[in-house]
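Data first, discussion second: the structure below is written as structure tokens.
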Amino acid sequence: MPSLKDLKNRIGSVKNTRKITKAMQMVAAAKLRRAQDSAEAARPFAERMTSVMAGLAASVGQSDGAPRLLAGTGSDKVHLLVVMTSERGLCGGFNSSIVRLAKAKIIELQAAGKTVKILTVGKKGREQLRREHADKFVGHVDLSEVRRVGYANAQSIARDLIARFEAGEADVVTLFYNRFQSVIAQIPTARQVIPARFEGATTNALYDYEPSEEAILADLLPRGVATQVFTALLENGASEQGARMSAMDNATRNAGDMINKLTIQYNRSRQAAITKELIEIISGAEAL
């Protein structure tokens, strides 16, 4: 049974931990608002741009002049998975959910006889995937020194992905990230960005394009890839802060519960020690 001093030290230690988790919760809450605003502000632009490209893609179809980023290489043998996670931990299951989705995709692709390559964004995902899939790594993007993710960061990643596709290193490129829904809900998402895929693409209106649809698509598609990468980074940023805020809130509550239990245990042990001393004093007095 721990001594009174041990219990007192442990209570003090848990109180210090609670101060840290409470501070981290408040910092995450402050960052969440800005990250959430950025993610939600980017959605209409990304959706509208996707809609425009979908209309152009539906017009172009599978014509010989279709850009390579739309038509693809004609094969889907090599898949590049871009796993986007955080640089820091203490955010609950945020990183694990993304890695879990990526691992499921890896198993599915390998079962189909495909070649899998992995490019990680954020070290936490890299650390988890390294245990089983280190041989599949082809690159890593370190954002630990970036205070606020901007479009330039997304553009740099997109250029790397497009360069790998153009060089024949990958036939299909898929992003893995968490889409922000609420503080307690982040949705693990897999989105194919190369070759561009538009679900239910239709042309609702007739337009005359100058230059041709193919030329416009050739210019828009690289920007579309960068936009989708940027959207994924923003969604991840908001999801990370929401998950961290929720995790630190739970940790703070758990620390409070532990302090209460330890305090009760300390008081009981202290009362037992006092009672024992009184009994010894009374017994000694009676013996005299």
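By order of appearance in the structure tokens: chains A, B, ..., then residues from 1 within every chain, and ligands from 1 in the order shown.
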Which parts of region 18-118 of chain A does DSSP call helix (DSSP H, G or I) when run on the backbone here, written out as a ChimeraX atom specification?
-> /A:18-60,68-71,94-111
Using only C-alpha atoms, which residues of region 10-57 of chain A come within 12 Å of region 140-151 of chain A, and what is the closest atom pair for each, with the distance in Å to one decimal? Give it as a Markdown table, sorted by chain and residue number.
| residue | atom | partner | partner_atom | distance |
| --- | --- | --- | --- | --- |
| A:Lys31 | CA | A:Arg148 | CA | 10.6 |
| A:Arg34 | CA | A:Arg148 | CA | 10.5 |
| A:Ala35 | CA | A:Arg148 | CA | 9.4 |
| A:Ser38 | CA | A:Val149 | CA | 10.3 |
| A:Ala39 | CA | A:Val149 | CA | 11.3 |
| A:Ala42 | CA | A:Tyr151 | CA | 10.8 |
Okay, now the selection with N, CA, C and O atoms, as a short mmCIF file (atom, residue, chain, number, x, y, z; two decimals), in the first residue's frame?
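Dumped everything to out-v5.cif:
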data_model
loop_
_atom_site.label_atom_id
_atom_site.label_comp_id
_atom_site.auth_asym_id
_atom_site.auth_seq_id
_atom_site.Cartn_x
_atom_site.Cartn_y
_atom_site.Cartn_z
N LYS A 31 -7.09 27.65 -31.77
CA LYS A 31 -6.63 27.36 -33.13
C LYS A 31 -7.74 26.76 -33.99
O LYS A 31 -7.75 26.94 -35.21
N ARG A 34 -9.98 29.25 -36.12
CA ARG A 34 -9.32 29.77 -37.34
C ARG A 34 -9.19 28.67 -38.39
O ARG A 34 -9.44 28.90 -39.58
N ALA A 35 -8.80 27.46 -37.95
CA ALA A 35 -8.63 26.36 -38.89
C ALA A 35 -9.97 25.96 -39.50
O ALA A 35 -10.06 25.65 -40.70
N SER A 38 -11.00 28.49 -42.14
CA SER A 38 -10.21 28.33 -43.36
C SER A 38 -10.72 27.13 -44.18
O SER A 38 -10.86 27.22 -45.41
N ALA A 39 -10.98 26.02 -43.50
CA ALA A 39 -11.45 24.81 -44.19
C ALA A 39 -12.81 25.04 -44.83
O ALA A 39 -13.04 24.67 -45.99
N ALA A 42 -12.71 27.32 -47.89
CA ALA A 42 -12.10 26.74 -49.09
C ALA A 42 -13.05 25.80 -49.82
O ALA A 42 -12.87 25.55 -51.02
#
So which bits of region 48-225 of chain A end up strand (DSSP E or B) when you DSSP the backbone, as a compact mmCIF listing (two decimals) with N, CA, C and O atoms, in the first residue's frame?
# COMPACT_ATOMS: atom_id res chain seq x y z
N VAL A 78 0.38 0.87 -60.93
CA VAL A 78 1.14 1.46 -59.81
C VAL A 78 0.29 2.53 -59.14
O VAL A 78 -0.14 3.49 -59.79
N HIS A 79 0.07 2.36 -57.83
CA HIS A 79 -0.74 3.31 -57.06
C HIS A 79 0.16 4.05 -56.06
O HIS A 79 0.88 3.41 -55.29
N LEU A 80 0.07 5.36 -56.08
CA LEU A 80 0.79 6.19 -55.10
C LEU A 80 -0.23 6.70 -54.08
O LEU A 80 -1.16 7.42 -54.42
N LEU A 81 -0.02 6.32 -52.83
CA LEU A 81 -0.91 6.74 -51.75
C LEU A 81 -0.24 7.88 -50.98
O LEU A 81 0.86 7.72 -50.46
N VAL A 82 -0.92 9.01 -50.92
CA VAL A 82 -0.41 10.18 -50.20
C VAL A 82 -1.13 10.24 -48.86
O VAL A 82 -2.30 10.62 -48.78
N VAL A 83 -0.44 9.83 -47.80
CA VAL A 83 -1.04 9.73 -46.47
C VAL A 83 -0.72 11.01 -45.70
O VAL A 83 0.43 11.27 -45.34
N MET A 84 -1.75 11.80 -45.43
CA MET A 84 -1.57 13.12 -44.81
C MET A 84 -2.01 13.05 -43.35
O MET A 84 -3.19 12.86 -43.05
N THR A 115 0.95 -2.57 -57.59
CA THR A 115 2.15 -2.08 -56.91
C THR A 115 1.78 -0.83 -56.11
O THR A 115 1.16 0.09 -56.65
N VAL A 116 2.18 -0.79 -54.85
CA VAL A 116 1.82 0.31 -53.97
C VAL A 116 3.06 1.10 -53.57
O VAL A 116 4.08 0.53 -53.19
N LYS A 117 2.96 2.42 -53.69
CA LYS A 117 3.99 3.33 -53.21
C LYS A 117 3.35 4.31 -52.23
O LYS A 117 2.16 4.64 -52.36
N ILE A 118 4.13 4.78 -51.26
CA ILE A 118 3.58 5.65 -50.23
C ILE A 118 4.41 6.93 -50.12
O ILE A 118 5.64 6.87 -50.04
N LEU A 119 3.71 8.06 -50.12
CA LEU A 119 4.33 9.35 -49.84
C LEU A 119 3.61 9.92 -48.63
O LEU A 119 2.38 10.05 -48.64
N THR A 120 4.34 10.24 -47.58
CA THR A 120 3.72 10.71 -46.35
C THR A 120 3.86 12.22 -46.20
O THR A 120 4.88 12.81 -46.57
N VAL A 121 2.83 12.83 -45.63
CA VAL A 121 2.84 14.25 -45.27
C VAL A 121 2.54 14.30 -43.78
O VAL A 121 1.42 14.00 -43.36
N PHE A 137 7.92 3.26 -49.08
CA PHE A 137 8.08 4.71 -49.01
C PHE A 137 8.88 5.24 -50.20
O PHE A 137 9.94 4.70 -50.54
N VAL A 138 8.37 6.30 -50.79
CA VAL A 138 9.09 6.94 -51.90
C VAL A 138 9.35 8.43 -51.64
O VAL A 138 10.04 9.09 -52.41
N GLY A 139 8.80 8.94 -50.54
CA GLY A 139 9.01 10.36 -50.25
C GLY A 139 8.31 10.77 -48.97
O GLY A 139 7.47 10.05 -48.43
N HIS A 140 8.69 11.94 -48.47
CA HIS A 140 8.08 12.48 -47.24
C HIS A 140 8.10 14.00 -47.32
O HIS A 140 9.08 14.61 -47.78
N VAL A 141 7.02 14.61 -46.87
CA VAL A 141 6.90 16.07 -46.81
C VAL A 141 6.86 16.48 -45.35
O VAL A 141 5.96 16.07 -44.61
N VAL A 172 -1.86 5.97 -60.63
CA VAL A 172 -2.99 6.51 -59.87
C VAL A 172 -2.46 7.12 -58.58
O VAL A 172 -1.62 6.53 -57.91
N VAL A 173 -2.96 8.33 -58.26
CA VAL A 173 -2.55 9.01 -57.03
C VAL A 173 -3.79 9.27 -56.19
O VAL A 173 -4.78 9.84 -56.68
N THR A 174 -3.74 8.86 -54.92
CA THR A 174 -4.89 9.01 -54.02
C THR A 174 -4.46 9.70 -52.73
O THR A 174 -3.43 9.34 -52.16
N LEU A 175 -5.25 10.67 -52.29
CA LEU A 175 -4.99 11.37 -51.03
C LEU A 175 -5.76 10.72 -49.90
O LEU A 175 -6.92 10.33 -50.07
N PHE A 176 -5.13 10.63 -48.74
CA PHE A 176 -5.80 10.12 -47.53
C PHE A 176 -5.71 11.20 -46.46
O PHE A 176 -4.61 11.63 -46.09
N TYR A 177 -6.86 11.60 -45.94
CA TYR A 177 -6.89 12.67 -44.93
C TYR A 177 -8.20 12.58 -44.16
O TYR A 177 -9.07 11.75 -44.47
N ASN A 178 -8.36 13.44 -43.17
CA ASN A 178 -9.60 13.50 -42.40
C ASN A 178 -10.39 14.73 -42.81
O ASN A 178 -9.86 15.85 -42.81
N ARG A 179 -11.65 14.53 -43.16
CA ARG A 179 -12.52 15.66 -43.48
C ARG A 179 -13.21 16.13 -42.21
O ARG A 179 -13.80 15.33 -41.48
N PHE A 180 -13.12 17.43 -41.94
CA PHE A 180 -13.68 17.97 -40.70
C PHE A 180 -15.20 18.03 -40.78
O PHE A 180 -15.77 18.56 -41.72
N GLN A 181 -15.85 17.47 -39.75
CA GLN A 181 -17.30 17.55 -39.65
C GLN A 181 -17.70 18.31 -38.39
O GLN A 181 -18.55 19.19 -38.43
N SER A 182 -17.10 17.94 -37.27
CA SER A 182 -17.35 18.63 -36.01
C SER A 182 -16.17 18.35 -35.08
O SER A 182 -15.25 17.61 -35.43
N ALA A 185 -16.22 14.68 -34.52
CA ALA A 185 -16.39 13.81 -35.69
C ALA A 185 -15.52 14.28 -36.84
O ALA A 185 -15.69 15.39 -37.35
N GLN A 186 -14.56 13.45 -37.21
CA GLN A 186 -13.73 13.68 -38.40
C GLN A 186 -13.84 12.44 -39.28
O GLN A 186 -13.75 11.32 -38.79
N ILE A 187 -14.03 12.66 -40.57
CA ILE A 187 -14.32 11.55 -41.48
C ILE A 187 -13.08 11.17 -42.27
O ILE A 187 -12.60 11.97 -43.10
N PRO A 188 -12.50 9.97 -42.05
CA PRO A 188 -11.37 9.52 -42.87
C PRO A 188 -11.79 9.43 -44.34
O PRO A 188 -12.81 8.82 -44.66
N THR A 189 -11.02 10.07 -45.20
CA THR A 189 -11.41 10.20 -46.61
C THR A 189 -10.27 9.79 -47.53
O THR A 189 -9.11 10.11 -47.28
N ALA A 190 -10.61 9.07 -48.59
CA ALA A 190 -9.66 8.73 -49.66
C ALA A 190 -10.17 9.37 -50.94
O ALA A 190 -11.31 9.10 -51.35
N ARG A 191 -9.36 10.21 -51.57
CA ARG A 191 -9.79 10.91 -52.78
C ARG A 191 -8.74 10.75 -53.88
O ARG A 191 -7.58 11.13 -53.69
N GLN A 192 -9.15 10.21 -55.00
CA GLN A 192 -8.25 10.08 -56.14
C GLN A 192 -8.14 11.43 -56.84
O GLN A 192 -9.12 12.04 -57.20
N VAL A 193 -6.90 11.87 -57.04
CA VAL A 193 -6.68 13.17 -57.69
C VAL A 193 -6.03 13.02 -59.06
O VAL A 193 -6.12 13.93 -59.88
N ILE A 194 -5.31 11.92 -59.28
CA ILE A 194 -4.69 11.65 -60.59
C ILE A 194 -4.91 10.18 -60.94
O ILE A 194 -4.57 9.32 -60.14
Which residue of A:Leu220, A:Ile259, A:Val14, A:Ala238 approaches Ser86 (chain A) most closely, using only C-alpha atoms = A:Ala238
May I have the residues within 10 Å of Ala247 (chain A) as a PyMOL selection string, using only C-alpha atoms and disregarding those fewer than 2 positions away in the same chain?
-> chain A and resi 21+24-25+90-94+184+241-245+249-253
Please produce an output containing N, CA and C atoms for each residue in the selection, written as a PDB file, in the first residue's frame.
ATOM      1  N   THR A  21      -2.928  19.577 -19.677  1.00  0.00           N
ATOM      2  CA  THR A  21      -3.980  19.172 -20.612  1.00  0.00           C
ATOM      3  C   THR A  21      -5.035  20.267 -20.765  1.00  0.00           C
ATOM      4  N   MET A  24      -3.532  22.871 -23.065  1.00  0.00           N
ATOM      5  CA  MET A  24      -3.530  22.378 -24.444  1.00  0.00           C
ATOM      6  C   MET A  24      -4.929  22.398 -25.044  1.00  0.00           C
ATOM      7  N   GLN A  25      -5.926  22.114 -24.229  1.00  0.00           N
ATOM      8  CA  GLN A  25      -7.310  22.159 -24.692  1.00  0.00           C
ATOM      9  C   GLN A  25      -7.691  23.587 -25.094  1.00  0.00           C
ATOM     10  N   LEU A  90      -0.886  13.597 -29.467  1.00  0.00           N
ATOM     11  CA  LEU A  90      -1.845  14.043 -28.459  1.00  0.00           C
ATOM     12  C   LEU A  90      -3.119  14.595 -29.099  1.00  0.00           C
ATOM     13  N   CYS A  91      -3.611  13.884 -30.105  1.00  0.00           N
ATOM     14  CA  CYS A  91      -4.855  14.304 -30.766  1.00  0.00           C
ATOM     15  C   CYS A  91      -5.787  13.108 -30.961  1.00  0.00           C
ATOM     16  N   GLY A  92      -5.832  12.240 -29.965  1.00  0.00           N
ATOM     17  CA  GLY A  92      -6.760  11.118 -29.992  1.00  0.00           C
ATOM     18  C   GLY A  92      -6.489  10.165 -31.144  1.00  0.00           C
ATOM     19  N   GLY A  93      -7.568   9.736 -31.796  1.00  0.00           N
ATOM     20  CA  GLY A  93      -7.442   8.786 -32.893  1.00  0.00           C
ATOM     21  C   GLY A  93      -7.344   9.434 -34.252  1.00  0.00           C
ATOM     22  N   PHE A  94      -6.999  10.707 -34.309  1.00  0.00           N
ATOM     23  CA  PHE A  94      -6.939  11.448 -35.581  1.00  0.00           C
ATOM     24  C   PHE A  94      -6.005  10.773 -36.583  1.00  0.00           C
ATOM     25  N   ILE A 184     -16.099  16.516 -32.520  1.00  0.00           N
ATOM     26  CA  ILE A 184     -16.032  15.108 -32.123  1.00  0.00           C
ATOM     27  C   ILE A 184     -16.149  14.157 -33.311  1.00  0.00           C
ATOM     28  N   GLN A 241      -7.065  19.886 -34.851  1.00  0.00           N
ATOM     29  CA  GLN A 241      -7.339  20.733 -33.685  1.00  0.00           C
ATOM     30  C   GLN A 241      -8.604  20.297 -32.969  1.00  0.00           C
ATOM     31  N   GLY A 242      -9.626  19.883 -33.746  1.00  0.00           N
ATOM     32  CA  GLY A 242     -10.844  19.373 -33.120  1.00  0.00           C
ATOM     33  C   GLY A 242     -10.593  18.106 -32.328  1.00  0.00           C
ATOM     34  N   ALA A 243      -9.803  17.197 -32.917  1.00  0.00           N
ATOM     35  CA  ALA A 243      -9.480  15.945 -32.226  1.00  0.00           C
ATOM     36  C   ALA A 243      -8.629  16.208 -30.993  1.00  0.00           C
ATOM     37  N   ARG A 244      -7.680  17.147 -31.109  1.00  0.00           N
ATOM     38  CA  ARG A 244      -6.823  17.459 -29.948  1.00  0.00           C
ATOM     39  C   ARG A 244      -7.643  18.106 -28.833  1.00  0.00           C
ATOM     40  N   MET A 245      -8.539  19.002 -29.202  1.00  0.00           N
ATOM     41  CA  MET A 245      -9.387  19.655 -28.200  1.00  0.00           C
ATOM     42  C   MET A 245     -10.231  18.621 -27.457  1.00  0.00           C
ATOM     43  N   ASP A 249      -9.735  17.494 -23.545  1.00  0.00           N
ATOM     44  CA  ASP A 249     -10.883  17.642 -22.649  1.00  0.00           C
ATOM     45  C   ASP A 249     -11.118  16.337 -21.884  1.00  0.00           C
ATOM     46  N   ASN A 250     -11.056  15.219 -22.601  1.00  0.00           N
ATOM     47  CA  ASN A 250     -11.211  13.918 -21.946  1.00  0.00           C
ATOM     48  C   ASN A 250     -10.090  13.664 -20.943  1.00  0.00           C
ATOM     49  N   ALA A 251      -8.854  14.038 -21.335  1.00  0.00           N
ATOM     50  CA  ALA A 251      -7.714  13.842 -20.434  1.00  0.00           C
ATOM     51  C   ALA A 251      -7.864  14.686 -19.172  1.00  0.00           C
ATOM     52  N   THR A 252      -8.353  15.919 -19.325  1.00  0.00           N
ATOM     53  CA  THR A 252      -8.564  16.798 -18.170  1.00  0.00           C
ATOM     54  C   THR A 252      -9.614  16.224 -17.230  1.00  0.00           C
ATOM     55  N   ARG A 253     -10.698  15.705 -17.822  1.00  0.00           N
ATOM     56  CA  ARG A 253     -11.749  15.097 -16.993  1.00  0.00           C
ATOM     57  C   ARG A 253     -11.221  13.854 -16.270  1.00  0.00           C
TER      58      ARG A 253
END
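Comparing A:Asn95, A:Arg100, A:Lys15, A:Ser283 by their smallest distance to Lys123 (chain A), the closest is A:Asn95 (using only C-alpha atoms).
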The residue from A:Ala71, A:Leu32, A:Ala57, A:Ala112 with the smallest atom-to-atom distance to Glu240 (chain A), counting only C-alpha atoms, is A:Leu32
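When only C-alpha atoms are used to compute distances to Ala226 (chain A), the closest of the residues A:Ala134, A:Ile282, A:Ala158, A:Ala287 turns out to be A:Ala158.
The gap separating CA of Phe165 (chain A) from CA of Thr73 (chain A) is 8.6 Å, in Å to one decimal.
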Of A:Lys124, A:Arg68, A:Arg10, A:Lys105, the one nearest to Ala218 (chain A) when counting only C-alpha atoms is A:Arg68
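Remark: for Leu221 (chain A), the closest of the candidate residues A:Leu109, A:Leu69, A:Ile264, A:Val27 is A:Leu69 (distances computed over only C-alpha atoms).
Computed from the coordinates, the CA of Glu166 (chain A) to CA of Ser51 (chain A) distance equals 24.5 Å.
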Give me the residues within 12 Å of Ile216 (chain A) as an NGL selection string, counting only C-alpha atoms and dropping any in the same chain fewer than 3 places off.
-> :A and (52-53 or 55-57 or 59-60 or 65-67 or 208-213 or 219-224)
